[in-house]
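Raw coords.csv, CSV, C-alpha atoms:
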```csv
chain,number,residue,atom,x,y,z
A,1,MET,CA,-10.6,21.6,-21.6
A,2,ALA,CA,-14.2,22.0,-20.5
A,3,THR,CA,-15.6,20.0,-17.6
A,4,GLU,CA,-18.8,19.2,-19.5
A,5,GLU,CA,-16.7,17.8,-22.3
A,6,ILE,CA,-14.9,15.6,-19.8
A,7,ARG,CA,-18.1,14.3,-18.2
A,8,THR,CA,-19.6,13.4,-21.6
A,9,THR,CA,-16.4,12.0,-23.2
A,10,GLY,CA,-17.2,8.3,-23.9
A,11,ASP,CA,-13.7,6.9,-24.3
A,12,ALA,CA,-10.2,7.3,-22.9
A,13,ALA,CA,-8.7,8.4,-26.2
A,14,SER,CA,-11.0,11.4,-26.5
A,15,LEU,CA,-10.4,12.3,-22.9
A,16,ALA,CA,-6.6,12.1,-23.5
A,17,ALA,CA,-7.0,14.4,-26.5
A,18,LEU,CA,-8.8,17.0,-24.4
A,19,ILE,CA,-6.1,16.8,-21.7
A,20,SER,CA,-3.3,17.0,-24.2
A,21,ARG,CA,-4.8,20.1,-25.9
A,22,ALA,CA,-5.4,21.8,-22.5
A,23,ALA,CA,-1.9,21.1,-21.3
A,24,GLY,CA,-0.4,22.3,-24.5
A,25,ASP,CA,1.3,18.9,-24.9
A,26,SER,CA,1.0,16.5,-27.8
A,27,GLY,CA,1.5,13.5,-25.6
A,28,GLY,CA,5.1,12.9,-26.6
A,29,SER,CA,8.0,12.8,-24.2
A,30,LYS,CA,10.4,15.3,-25.9
A,31,LYS,CA,9.1,18.3,-23.9
A,32,GLY,CA,9.4,16.5,-20.6
A,33,LEU,CA,6.8,16.4,-17.9
A,34,PRO,CA,4.3,19.3,-17.7
A,35,PRO,CA,4.9,21.6,-14.7
A,36,VAL,CA,1.7,20.4,-12.8
A,37,ASP,CA,3.0,21.5,-9.4
A,38,ARG,CA,3.1,25.2,-10.7
A,39,TRP,CA,-0.5,25.1,-12.0
A,40,ASN,CA,-3.3,26.3,-9.7
A,41,PRO,CA,-6.5,25.7,-11.6
A,42,PRO,CA,-10.0,25.4,-10.0
A,43,PHE,CA,-11.3,22.0,-8.9
A,44,CYS,CA,-14.0,20.9,-11.3
A,45,GLY,CA,-15.3,17.7,-9.8
A,46,ASP,CA,-14.5,14.0,-10.0
A,47,ILE,CA,-14.5,11.8,-13.1
A,48,ASP,CA,-14.9,8.1,-13.3
A,49,MET,CA,-11.3,7.1,-13.5
A,50,GLU,CA,-9.5,4.7,-11.2
A,51,ILE,CA,-6.0,3.3,-10.8
A,52,ARG,CA,-6.2,-0.2,-9.4
A,53,ALA,CA,-3.7,-1.7,-7.0
A,54,ASP,CA,-1.9,-3.6,-9.8
A,55,GLY,CA,-1.4,-0.3,-11.8
A,56,THR,CA,-4.2,-0.9,-14.3
A,57,TRP,CA,-6.1,2.3,-15.2
A,58,PHE,CA,-9.9,2.2,-15.7
A,59,TYR,CA,-12.1,4.9,-17.3
A,60,LEU,CA,-15.9,4.6,-17.1
A,61,GLY,CA,-15.4,1.0,-15.8
A,62,THR,CA,-13.3,-0.1,-18.7
A,63,PRO,CA,-9.5,-0.8,-18.6
A,64,ILE,CA,-7.4,1.6,-20.6
A,65,GLY,CA,-5.5,-0.8,-22.8
A,66,ARG,CA,-3.3,1.6,-24.8
A,67,ALA,CA,0.0,2.3,-23.0
A,68,PRO,CA,0.5,5.7,-24.7
A,69,LEU,CA,-2.8,7.0,-23.2
A,70,VAL,CA,-1.9,5.8,-19.7
A,71,ARG,CA,1.5,7.5,-20.0
A,72,LEU,CA,-0.2,10.7,-21.1
A,73,PHE,CA,-2.5,10.7,-18.1
A,74,SER,CA,0.4,9.9,-15.8
A,75,THR,CA,2.2,13.0,-16.8
A,76,VAL,CA,-0.6,15.3,-15.5
A,77,LEU,CA,-1.2,13.4,-12.2
A,78,ARG,CA,-0.8,15.3,-9.0
A,79,LYS,CA,-1.5,14.4,-5.4
A,80,ASP,CA,-2.4,17.4,-3.3
A,81,ASP,CA,-2.0,17.9,0.5
A,82,ASP,CA,-5.6,16.8,0.9
A,83,GLY,CA,-4.4,13.3,0.1
A,84,LYS,CA,-6.4,13.1,-3.1
A,85,THR,CA,-5.1,12.5,-6.6
A,86,TYR,CA,-6.0,14.7,-9.6
A,87,LEU,CA,-5.5,15.1,-13.3
A,88,VAL,CA,-4.3,18.7,-13.6
A,89,THR,CA,-4.1,21.1,-16.5
A,90,PRO,CA,-3.5,24.8,-16.6
A,91,VAL,CA,-7.3,25.4,-16.7
A,92,GLU,CA,-8.8,22.9,-14.3
A,93,LYS,CA,-8.2,19.8,-12.1
A,94,VAL,CA,-10.5,16.8,-11.8
A,95,GLY,CA,-10.4,14.1,-9.1
A,96,ILE,CA,-9.7,10.4,-9.8
A,97,ARG,CA,-9.6,7.3,-7.5
A,98,VAL,CA,-6.3,5.5,-6.6
A,99,VAL,CA,-6.7,2.2,-4.8
A,100,ASP,CA,-3.1,2.0,-3.6
A,101,ALA,CA,-0.3,3.9,-5.4
A,102,PRO,CA,-0.6,5.7,-8.7
A,103,PHE,CA,2.4,3.9,-10.2
A,104,VAL,CA,4.0,0.4,-9.9
A,105,ALA,CA,7.7,-0.2,-9.9
A,106,VAL,CA,8.1,-3.2,-12.2
A,107,GLU,CA,11.8,-3.5,-12.7
A,108,MET,CA,15.0,-2.8,-10.7
A,109,SER,CA,18.6,-2.6,-11.9
A,110,VAL,CA,21.6,-2.7,-9.6
A,111,THR,CA,24.8,-0.9,-10.5
A,112,GLU,CA,27.8,0.5,-8.7
A,113,ARG,CA,29.1,4.0,-8.5
A,114,GLU,CA,32.1,5.1,-6.5
A,115,GLY,CA,32.1,1.8,-4.7
A,116,ARG,CA,28.4,2.1,-3.6
A,117,ARG,CA,25.4,0.1,-4.8
A,118,VAL,CA,22.8,2.2,-6.7
A,119,LEU,CA,19.3,1.0,-7.2
A,120,THR,CA,17.3,2.2,-10.2
A,121,PHE,CA,13.7,1.4,-10.8
A,122,ARG,CA,11.4,1.5,-13.9
A,123,THR,CA,7.7,2.2,-13.4
A,124,ASN,CA,4.8,0.8,-15.4
A,125,VAL,CA,4.4,4.2,-17.0
A,126,GLY,CA,8.0,4.6,-18.1
A,127,ASP,CA,9.5,6.7,-15.3
A,128,VAL,CA,13.1,5.7,-14.5
A,129,VAL,CA,13.9,6.6,-10.9
A,130,GLU,CA,17.2,6.2,-8.9
A,131,ALA,CA,16.5,5.6,-5.3
A,132,GLY,CA,18.3,8.0,-3.0
A,133,ARG,CA,17.8,11.2,-1.0
A,134,ASP,CA,15.5,12.7,-3.5
A,135,HIS,CA,13.7,9.5,-4.2
A,136,PRO,CA,13.5,7.5,-0.9
A,137,ILE,CA,12.0,4.1,-0.4
A,138,ARG,CA,9.7,3.5,2.5
A,139,PHE,CA,8.4,0.2,3.8
A,140,VAL,CA,5.1,-0.5,5.4
A,141,ILE,CA,3.4,-3.6,6.7
A,142,ARG,CA,-0.3,-3.9,5.9
A,143,GLY,CA,-3.1,-6.4,5.8
A,144,GLU,CA,-4.2,-9.4,7.9
A,145,ASN,CA,-1.1,-11.3,6.7
A,146,ASP,CA,1.4,-8.5,7.7
A,147,GLU,CA,2.4,-8.0,4.1
A,148,LEU,CA,5.5,-6.0,3.5
A,149,LYS,CA,5.0,-3.3,0.9
A,150,PRO,CA,7.8,-1.0,-0.4
A,151,TYR,CA,7.0,2.4,-1.9
A,152,LEU,CA,9.3,4.5,-4.0
A,153,HIS,CA,9.0,8.2,-4.3
A,154,VAL,CA,8.6,9.2,-7.9
A,155,ARG,CA,7.8,12.9,-8.0
A,156,GLY,CA,5.7,15.4,-6.1
A,157,ARG,CA,3.6,13.3,-3.6
A,158,LEU,CA,3.4,10.4,-6.1
A,159,GLU,CA,4.8,7.0,-5.3
A,160,ALA,CA,5.2,3.7,-7.0
A,161,LEU,CA,4.4,0.4,-5.2
A,162,VAL,CA,7.2,-2.0,-5.8
A,163,THR,CA,5.8,-5.3,-7.2
A,164,ARG,CA,6.2,-8.4,-5.1
A,165,ALA,CA,8.7,-10.0,-7.5
A,166,VAL,CA,10.9,-6.8,-7.4
A,167,MET,CA,10.5,-6.6,-3.7
A,168,TYR,CA,12.0,-10.0,-3.2
A,169,ASP,CA,15.1,-8.9,-5.2
A,170,LEU,CA,15.2,-5.7,-3.2
A,171,ILE,CA,15.0,-7.5,0.2
A,172,GLU,CA,17.8,-9.8,-0.9
A,173,LEU,CA,20.1,-6.8,-1.0
A,174,GLY,CA,19.2,-5.8,2.6
A,175,GLU,CA,21.6,-5.9,5.6
A,176,PRO,CA,21.5,-5.2,9.3
A,177,VAL,CA,22.5,-1.6,10.3
A,178,VAL,CA,22.8,-0.3,13.8
A,179,ILE,CA,20.6,2.9,14.1
A,180,ALA,CA,20.2,4.7,17.4
A,181,GLY,CA,21.4,1.6,19.2
A,182,ARG,CA,19.0,-0.8,17.5
A,183,GLU,CA,19.8,-3.3,14.8
A,184,ILE,CA,17.6,-2.4,11.8
A,185,PHE,CA,17.3,-4.3,8.6
A,186,CYS,CA,18.0,-1.8,5.8
A,187,VAL,CA,18.4,-1.4,2.1
A,188,ARG,CA,21.1,0.9,0.7
A,189,SER,CA,21.2,2.9,-2.5
A,190,GLY,CA,24.1,5.3,-3.1
A,191,SER,CA,24.7,7.2,0.1
A,192,SER,CA,21.1,6.6,1.4
A,193,ILE,CA,19.9,4.0,3.9
A,194,PHE,CA,16.3,3.0,3.9
A,195,PRO,CA,15.1,1.2,7.1
A,196,VAL,CA,12.8,-1.8,6.5
A,197,MET,CA,12.2,-3.0,10.1
A,198,PRO,CA,14.0,-4.0,13.2
A,199,VAL,CA,15.9,-7.2,12.7
A,200,ALA,CA,14.0,-8.9,15.6
A,201,GLU,CA,10.7,-8.2,13.9
A,202,LEU,CA,12.0,-9.5,10.6
A,203,ASP,CA,13.1,-12.7,12.3
A,204,ALA,CA,9.6,-13.1,13.8
A,205,LEU,CA,7.9,-12.6,10.4
A,206,THR,CA,10.1,-15.2,8.7
A,207,ARG,CA,9.8,-18.0,11.3
```
Encoding of this model in structure tokens:
Amino acid sequence: MATEEIRTTGDAASLAALISRAAGDSGGSKKGLPPVDRWNPPFCGDIDMEIRADGTWFYLGTPIGRAPLVRLFSTVLRKDDDGKTYLVTPVEKVGIRVVDAPFVAVEMSVTEREGRRVLTFRTNVGDVVEAGRDHPIRFVIRGENDELKPYLHVRGRLEALVTRAVMYDLIELGEPVVIAGREIFCVRSGSSIFPVMPVAELDALTR
């Protein structure tokens, strides 16, 4: 994949074809995810691609409406320790903009295993992730209205923002747990416990 080609590509489908050829992947899912964490290509600049807070992908200011293209791009995403997100192939990496999280968790299923509740999420790009030790959920409060936002670890340094509708279902499953002598409102999945906030703070928010 040549950087000049990327910079002059006029549509997302052509860009996807370049990435697919460079990554040695046809865009299908049978081969699994490309090993982007093992690739160490040179940085070749930024391109005009953005992932909005609602999970919509834009290229050159235009929404990418074809789900297979978005899924292809998502398989070569990588967030590095500089905090920036890139599209990565074996031969180069290019920077993109991410407004919030690169993925959105749009669905949650609740099952039981060995007497424990297990939470499994589906993202907008087709990842299916079981919350647990390897895929923790973290909760943050942001904005002027103290908005609670849960994030699910998907892979690498990439996370999915849990949609508001799914968040309500998630919080309904919460329970108080005493941690280090404090009563903390938490969510469980399998053998893992994910703190949301102290019960006293939750009570104050819901008054």
**Report entry** Within 12 Å of Val199 of chain A using only C-alpha atoms, minus same-chain residues under 2 positions, as a PyMOL selection string
**Finding:** chain A and resi 174-179+182-186+195-197+201-206
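Comparing A:Glu147, A:Glu50, A:Glu114, A:Glu92 by their smallest distance to Met167 of chain A, the closest is A:Glu147 (using all atoms listed in the file).
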Phe103 of chain A environment, 9 Å, all atoms listed in the file, sequence neighbours closer than 3 positions dropped, as a tab-separated table (two decimals) with C-alpha atoms, keeping the file's coordinate frame:
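Saved to result-v8.tsv:
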```tsv
chain	number	residue	atom	x	y	z
A	51	ILE	CA	-6.00	3.30	-10.80
A	53	ALA	CA	-3.70	-1.70	-7.00
A	54	ASP	CA	-1.90	-3.60	-9.80
A	55	GLY	CA	-1.40	-0.30	-11.80
A	74	SER	CA	0.40	9.90	-15.80
A	100	ASP	CA	-3.10	2.00	-3.60
A	123	THR	CA	7.70	2.20	-13.40
A	124	ASN	CA	4.80	0.80	-15.40
A	125	VAL	CA	4.40	4.20	-17.00
A	154	VAL	CA	8.60	9.20	-7.90
A	158	LEU	CA	3.40	10.40	-6.10
A	159	GLU	CA	4.80	7.00	-5.30
A	160	ALA	CA	5.20	3.70	-7.00
A	161	LEU	CA	4.40	0.40	-5.20
A	162	VAL	CA	7.20	-2.00	-5.80
```
Query raised in the report: Rounded to one decimal in Å, what is the spacing between atom CA of Cys44 of chain A and atom CA of Lys84 of chain A?
Result: 13.6 Å
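Close contacts of Gly190 of chain A, defined as residues with an atom at most 6 Å away when counting only C-alpha atoms, with chain neighbours fewer than 6 positions off set aside, comprise Arg116, Arg117 and Val118 of chain A.
Excluding Pro35 of chain A itself and same-chain residues fewer than 3 positions from it, the residues having an atom within 10 Å of it are Ala23, Gly32, Arg38, Trp39, Thr75, Val76, Val88, Thr89 and Pro90 of chain A, counting all atoms listed in the file.
Atom CA of Pro41 of chain A to atom CA of Ala67 of chain A spans 26.8 Å [interatomic distance, one decimal].
Going from atom CA of Thr163 of chain A to atom CA of Met108 of chain A covers 10.2 Å.
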Which residues come within 10 Å of Asp37 of chain A, counting only C-alpha atoms, excluding same-chain residues fewer than 4 positions away, as a tab-separated table (two decimals) with C-alpha atoms, keeping the file's coordinate frame?
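Printed below is around_35.tsv as written:
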```tsv
chain	number	residue	atom	x	y	z
A	76	VAL	CA	-0.60	15.30	-15.50
A	77	LEU	CA	-1.20	13.40	-12.20
A	78	ARG	CA	-0.80	15.30	-9.00
A	79	LYS	CA	-1.50	14.40	-5.40
A	80	ASP	CA	-2.40	17.40	-3.30
A	88	VAL	CA	-4.30	18.70	-13.60
A	155	ARG	CA	7.80	12.90	-8.00
A	156	GLY	CA	5.70	15.40	-6.10
```
Requested in this report: Using all atoms listed in the file, find the one residue out of A:Val98, A:Leu15, A:Val110, A:Leu72 that sits nearest to Leu170 of chain A.
Outcome: A:Val110
Quick one: 8 Å padding each side, axis-aligned, all listed atoms of segment 84-100 of chain A - centre and edge lengths in Å to one decimal, as lines of an AutoDock Vina configuration file?
```
center_x = -6.8
center_y = 13.7
center_z = -9.9
size_x = 23.4
size_y = 39.4
size_z = 29.6
```
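Comparing A:Asp127, A:Asp169, A:Asp46, A:Asp146 by their smallest distance to Val104 of chain A, the closest is A:Asp127 (using only C-alpha atoms).
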